[in-house]
Amino acid sequence: MTTAEQTPTADYRFKAEVKQLLQILVHSLYKEQDIFLRELISNASDALTRLHFEMLTNRDVLDPDAELAIHIEIPEVAEGEPKKIIIKDSGIGMTREELITNLGTIAQSGAREFLDKVSDNKELDPNDVIGQFGVGFYSVFMVADEVRVVSRSYKKRAKAAAWISDGSDEFHVEPAEKEDRGTEMHITLKKDAADLASQWKLKQIIKKHSDFVRYPIYVAGEQANQQTPLWRKQPSDVTQEDYTNFYRQMTMDFEEPLLTIHFSSDAPVNVRALLFIPAKREKGILTSRKDPGVMLYSHNVLIQEYCTDLLPKWLEFVDGVVDSEDLPLNVSRETVQNNRLMRQLGKMIKGRVLRELKKLADSEPEKYQQFWGEYGRYFKEGTAIDPAAKEDVLPFFRYHTSKSNGELTSLDAYLERKPGSQTEIYYVTGDSVSSVANSPHLDPFKARDLEVLYWVDPLDVLIAPGLMEYKETPFKNIDDADIELPETEEEAKEEESETAVPEKEFNQFIGRCVTTLGDKVREVRASKVLKNSPVRLVSPADAQNREMDRIQRLLKQDYEVPKRILEVNRNHPLVAHLAHLVANQPDNELINLGIEQLYDSALIQEGLHPNPADILPRIQQLLTLAAAQADKS
Ligand code: ADP
Ligand code: MG
């Protein structure tokens with residue numbers, strides 16, 4: 001029976017973007033011709049994986065016993081005729097409709113980005129960037145004068161169909177004869193690509209780009225890829241280059257991974273694992289690993305492509321392969337989730353990853369900083385999602401501190417440095433290292449040589465309520481009004497000596513602050529701790545969730561400036577002058593402007609000001625007054 005009645009012949013025009021891509025591929029790319037094979041093999045491998053997963057639950061497919069493999073053949077052609085190659089897979093196949101949609105539009109974002117990059121930048125040689133993009137199926141037209149794709153879907157009732165194009169404006173679809181499942185690409189090579197019709201040449205390209213594809217690739221009947229489960233080898237038999245190649249072919253990420261972890265164990269659970277931490281958190285556009293999770297194998301058979309049940313969510317950036325012979329082959333998603341073995345396995349792998357990270361932190365601090373910069377947020381979020389994770393992740397946290405001179409420090413190093421009498425871990429919050437470094441809250445700590453952590457990442461503040469303590473030492477925000485610190489010797493002396501402002505004048509000034517600021521502040525009072533700063537804002541002892549104020553400001557959700565206590569430093573010259581003015585020229589306009597400015601500056605310092613630019617007109621007014629004054633004398 002022929003299928004012609006049911007699958008009519010028709011011509012279609014490519015979408016504009018496809019034409020544009022074809023144009024570039026065919027006319028500008030010549031140095032990187034070889035990548036077409038990588039792309040077609042990767043499509044064949046995807047099609048095989050999709051079939052493999054279908055068959056885990058459904059054996060009612062066409063050719064259930066066919067080997068999952070890729071075959072490349074070089075058919076004989078008559079002297080003078082164009083050379084040909086055929087790439088065949090026994091994968092999921094395509095119906096007529098699927099051929100039209102999948103091969104008539106640009107499905108993949110990689111190709112689109114490539115297109116944008118190349119067409120936005122006329123100077124750019126596409127040859128220089130193609131290696132970074134997966135341009136997909138259309139790359140075949142870099143080497144082909146004509147392509148005939150013959151496919152038959154795994155669905156038993158579907159008919160075979162063919163898709164034909166010469167890579168110009170159109171493609172053609174017609175019925176076809178194909179008995180077995182899968183896809184065949186019949187490629188008629190261009191003259192300048194004729195040398196591809198060589199077993200040796202094809203094998204060489206496969207070795208370079210597709211060695212670790214997990215299905216056998218046969219060239220004229222001979223297997224050309226190693227297809228070695230690299231993770232099953234002894235680490236001592238694997239070179240760094242093998243790892244990098246494997247990683248590249250697995251992920252299509254062309255940056256070296258930040259960390260490679262390869263280990264095996266037979267007890268308590270059998271496991272062979274090869275794991276990677278990618279250099280970047282963001283997945284590249286070309287990546288062939290689109291989702292989080294690791295590949296789960298059992299007895300060398302892939303049972304889950306993206307397994308996220310093994311490792312905690314805060315390690316979901318770990319990619320790679322976990323293979324365990326103890327896992328049953330017929331695991332379903334549910335059994336994976338509820339399996340005791342999976343829990344043991346997960347625990348083991350988590351422990352190993354953390355151990356390797358600790359090693360990295362100890363031996364290559366710079367590389368560890370890179371890790372922390374990319375993935376620190378996962379660990380921070382981890383403490384919020386899963387309080388039990390704290391113990392695992394807190395040792396990996398890194399902060400700038402008042403003593404770390406631009407370096408990052410760990411909590412353990414902080415604890416080691418702190419004096420025995422110090423019973424809390426101090427932190428100050430703010431928008432940036434440079435702004436908190438000048439925080440007035442630091443005055444008493446600097447005076448006592450106490451180290452304070454800088455919490456300048458919005459996440460630090462967000463997770464603060466859940467952190468509570470590290471190694472039984474509680475965290476303490478130093479904006480706390482009632483923080484208890486021992487007196488320094490200097491302070492003891494100062495208390496005896498006369499302060500800069502007489503008591504009565506100072507109290508008058510405090511009163512003036514109260515009337516000027518009104519209900520913007522909860523209270524105004526003298527500070528016992530400030531040294532170099534004129535004022536600071538502290539949280540009232542009953543303030544709830546004060547960490548959230550900054551978050552709300554950052555998110556701009558019904559933000560209302562919180563009411564804090566304004567503490568005034570009576571020894572500061574600015575305060576002394578203002579107090580003097582209040583006593584002698586109570587109507588001087590500098591007084592109110594000065595008080596408002598002090599308050600606004602303190603808000604900015606805390607990262608609480610709704611709109612710092614609002615203070616600029618007042619600053620101008622103050623400068624004008626100061627300049628006029630200076631000009632008079
Ligand atoms: P991508 O592989 O990123 O999706 P491609 O341009 O490489 O993009 O392929 C486009 C689509 O064509 C694929 O998503 C797939 O649906 C289909 N396709 C390509 N090659 C095959 C094949 N050998 N078997 C089945 N489907 C295929
Ligand atoms: Mg592809």
# chains A, B, ... in the order shown; residues from 1 in each chain; ligands from 1

$ residues_near_ligand --ligand "ligand 2" --cutoff "8 Å" --atoms "only C-alpha atoms and all ligand atoms" --output "MDAnalysis selection string"
chainID A and resid 39:40 42:43 46 108 134:137

$ residues_around --residues "region 401-411 of chain A" --least-positions-apart "6" --cutoff "6 Å" --atoms "only C-alpha atoms" --output "VMD selection string"
chain A and resid 451 to 454

$ residues_near_ligand --ligand "ligand 1" --cutoff "9 Å" --atoms "only C-alpha atoms and all ligand atoms" --output "MDAnalysis selection string"
chainID A and resid 39:48 50 87:94 98:99 101:111 134:139 149 151 153 182:185 286 288

$ atom_distance --atom1 "CA of Ala576 (chain A)" --atom2 "CA of Val501 (chain A)"
5.7 Å

$ select_by_dssp --residues "region 282-438 of chain A" --states "helix (DSSP H, G or I)" --output "MDAnalysis selection string"
chainID A and resid 313:315 333:338 340:363 365:385 387:396 411:417 433:437

$ closest_residue --among "A:Pro75, A:Gly518, A:Pro175, A:Pro573" --to "Asn592 (chain A)" --atoms "only C-alpha atoms"
A:Gly518

$ residues_around --residues "region 371-373 of chain A" --least-positions-apart "3" --cutoff "8 Å" --atoms "only C-alpha atoms" --output "count of residues only"
7

$ atom_distance --atom1 "CA of Gln508 (chain A)" --atom2 "CA of Val535 (chain A)"
16.0 Å

$ select_by_dssp --residues "region 19-93 of chain A" --states "strand (DSSP E)" --output "list of chain:residue names"
A:Ile70, A:His71, A:Ile72, A:Glu73, A:Lys84, A:Ile85, A:Ile86, A:Ile87, A:Lys88, A:Asp89

$ atom_distance --atom1 "CA of Asp386 (chain A)" --atom2 "CA of Gln344 (chain A)"
18.4 Å

$ residues_around --residues "His572 (chain A)" --least-positions-apart "5" --cutoff "9 Å" --atoms "only C-alpha atoms" --output "PyMOL selection string"
chain A and resi 500+530-535+577

$ residues_around --residues "Asp11 (chain A)" --least-positions-apart "5" --cutoff "7 Å" --atoms "only C-alpha atoms" --output "list of chain:residue names"
A:Glu170, A:Phe171, A:His172, A:Val173

$ write_last_selection --atoms "N, CA and C atoms" --output "mmCIF file, in the first residue's frame"
data_model
loop_
_atom_site.group_PDB
_atom_site.id
_atom_site.type_symbol
_atom_site.label_atom_id
_atom_site.label_comp_id
_atom_site.auth_asym_id
_atom_site.auth_seq_id
_atom_site.Cartn_x
_atom_site.Cartn_y
_atom_site.Cartn_z
ATOM 1 N N GLU A 170 12.378 27.610 -0.036
ATOM 2 C CA GLU A 170 11.252 26.702 0.129
ATOM 3 C C GLU A 170 11.682 25.326 0.587
ATOM 4 N N PHE A 171 10.701 24.617 1.151
ATOM 5 C CA PHE A 171 10.890 23.180 1.307
ATOM 6 C C PHE A 171 9.652 22.475 0.786
ATOM 7 N N HIS A 172 9.814 21.199 0.555
ATOM 8 C CA HIS A 172 8.801 20.424 -0.111
ATOM 9 C C HIS A 172 8.515 19.209 0.774
ATOM 10 N N VAL A 173 7.264 18.833 0.901
ATOM 11 C CA VAL A 173 6.930 17.665 1.717
ATOM 12 C C VAL A 173 6.140 16.678 0.881
#

$ residues_around --residues "Ala447 (chain A)" --least-positions-apart "3" --cutoff "12 Å" --atoms "only C-alpha atoms" --output "list of chain:residue names"
A:Ser402, A:Pro440, A:His441, A:Leu442, A:Asp443, A:Pro444, A:Leu450, A:Glu451, A:Leu485, A:Pro486, A:Glu487, A:Thr488, A:Glu489, A:Glu490, A:Glu491, A:Val529, A:Leu530, A:Lys531, A:Asn532

$ closest_residue --among "A:Glu356, A:Tyr599, A:Arg377, A:Pro268" --to "Arg340 (chain A)" --atoms "only C-alpha atoms"
A:Pro268

$ residues_around --residues "Asp519 (chain A)" --least-positions-apart "4" --cutoff "12 Å" --atoms "only C-alpha atoms" --output "ChimeraX atom specification"
/A:513-515,523-524,561-566

$ decode --residues "region 549-579 of chain A" --atoms "N, CA, C and O atoms" --output "compact mmCIF listing (two decimals), in the first residue's frame"
# COMPACT_ATOMS: atom_id res chain seq x y z
N ASP A 549 12.52 46.26 56.70
CA ASP A 549 12.33 47.62 56.20
C ASP A 549 13.15 47.88 54.94
O ASP A 549 12.67 48.45 53.97
N ARG A 550 14.41 47.42 54.99
CA ARG A 550 15.26 47.66 53.83
C ARG A 550 14.77 46.87 52.63
O ARG A 550 14.76 47.36 51.51
N ILE A 551 14.35 45.64 52.88
CA ILE A 551 13.85 44.82 51.78
C ILE A 551 12.65 45.49 51.14
O ILE A 551 12.57 45.61 49.92
N GLN A 552 11.74 45.96 52.01
CA GLN A 552 10.56 46.61 51.44
C GLN A 552 10.93 47.81 50.61
O GLN A 552 10.34 48.09 49.58
N ARG A 553 11.96 48.53 51.11
CA ARG A 553 12.37 49.69 50.33
C ARG A 553 12.92 49.23 48.98
O ARG A 553 12.59 49.80 47.94
N LEU A 554 13.73 48.17 49.01
CA LEU A 554 14.31 47.70 47.75
C LEU A 554 13.22 47.23 46.80
O LEU A 554 13.30 47.41 45.60
N LEU A 555 12.20 46.60 47.34
CA LEU A 555 11.12 46.08 46.49
C LEU A 555 10.09 47.16 46.20
O LEU A 555 9.18 46.96 45.41
N LYS A 556 10.20 48.28 46.90
CA LYS A 556 9.27 49.40 46.76
C LYS A 556 7.82 48.98 46.99
O LYS A 556 6.90 49.42 46.31
N GLN A 557 7.63 48.07 47.94
CA GLN A 557 6.25 47.65 48.25
C GLN A 557 5.74 48.50 49.39
O GLN A 557 6.29 48.44 50.47
N ASP A 558 4.69 49.23 49.21
CA ASP A 558 4.10 50.15 50.20
C ASP A 558 5.14 50.51 51.24
O ASP A 558 4.97 50.24 52.41
N TYR A 559 6.19 51.14 50.79
CA TYR A 559 7.27 51.44 51.72
C TYR A 559 6.95 52.66 52.55
O TYR A 559 6.63 53.73 52.03
N GLU A 560 7.05 52.49 53.85
CA GLU A 560 6.83 53.60 54.75
C GLU A 560 8.10 53.71 55.57
O GLU A 560 8.56 52.73 56.15
N VAL A 561 8.69 54.92 55.61
CA VAL A 561 9.95 55.06 56.33
C VAL A 561 9.71 54.70 57.80
O VAL A 561 8.83 55.28 58.45
N PRO A 562 10.45 53.73 58.31
CA PRO A 562 10.20 53.31 59.69
C PRO A 562 10.63 54.38 60.70
O PRO A 562 11.56 55.16 60.43
N LYS A 563 9.96 54.42 61.83
CA LYS A 563 10.32 55.40 62.87
C LYS A 563 11.38 54.82 63.77
O LYS A 563 11.18 53.80 64.41
N ARG A 564 12.50 55.50 63.82
CA ARG A 564 13.59 55.00 64.64
C ARG A 564 13.95 56.03 65.70
O ARG A 564 13.40 57.13 65.74
N ILE A 565 14.91 55.69 66.51
CA ILE A 565 15.39 56.62 67.54
C ILE A 565 16.61 57.34 66.98
O ILE A 565 17.52 56.71 66.45
N LEU A 566 16.59 58.69 67.08
CA LEU A 566 17.75 59.46 66.63
C LEU A 566 18.67 59.67 67.82
O LEU A 566 18.27 60.26 68.84
N GLU A 567 19.89 59.16 67.71
CA GLU A 567 20.88 59.39 68.77
C GLU A 567 21.84 60.48 68.35
O GLU A 567 22.33 60.48 67.23
N VAL A 568 22.11 61.41 69.28
CA VAL A 568 22.93 62.56 68.94
C VAL A 568 24.24 62.51 69.72
O VAL A 568 24.26 62.22 70.92
N ASN A 569 25.33 62.81 69.01
CA ASN A 569 26.66 62.79 69.62
C ASN A 569 27.01 64.19 70.11
O ASN A 569 27.33 65.08 69.33
N ARG A 570 27.00 64.38 71.42
CA ARG A 570 27.20 65.74 71.96
C ARG A 570 28.64 66.22 71.78
O ARG A 570 28.95 67.38 71.96
N ASN A 571 29.53 65.32 71.46
CA ASN A 571 30.93 65.72 71.28
C ASN A 571 31.29 66.09 69.85
O ASN A 571 32.43 66.42 69.56
N HIS A 572 30.31 65.97 68.97
CA HIS A 572 30.63 66.25 67.57
C HIS A 572 30.55 67.75 67.30
O HIS A 572 29.61 68.41 67.71
N PRO A 573 31.55 68.33 66.59
CA PRO A 573 31.56 69.78 66.37
C PRO A 573 30.29 70.30 65.69
O PRO A 573 29.81 71.38 66.03
N LEU A 574 29.73 69.53 64.75
CA LEU A 574 28.53 69.99 64.07
C LEU A 574 27.38 70.13 65.06
O LEU A 574 26.65 71.12 65.07
N VAL A 575 27.26 69.15 65.93
CA VAL A 575 26.20 69.20 66.95
C VAL A 575 26.47 70.38 67.89
O VAL A 575 25.56 71.15 68.23
N ALA A 576 27.73 70.56 68.27
CA ALA A 576 28.09 71.65 69.18
C ALA A 576 27.70 73.00 68.59
O ALA A 576 27.07 73.84 69.24
N HIS A 577 28.02 73.18 67.29
CA HIS A 577 27.70 74.46 66.65
C HIS A 577 26.20 74.67 66.55
O HIS A 577 25.70 75.77 66.83
N LEU A 578 25.49 73.64 66.15
CA LEU A 578 24.04 73.77 66.02
C LEU A 578 23.41 74.07 67.38
O LEU A 578 22.52 74.92 67.50
N ALA A 579 23.89 73.39 68.43
CA ALA A 579 23.34 73.61 69.77
C ALA A 579 23.60 75.06 70.22
O ALA A 579 22.74 75.72 70.81
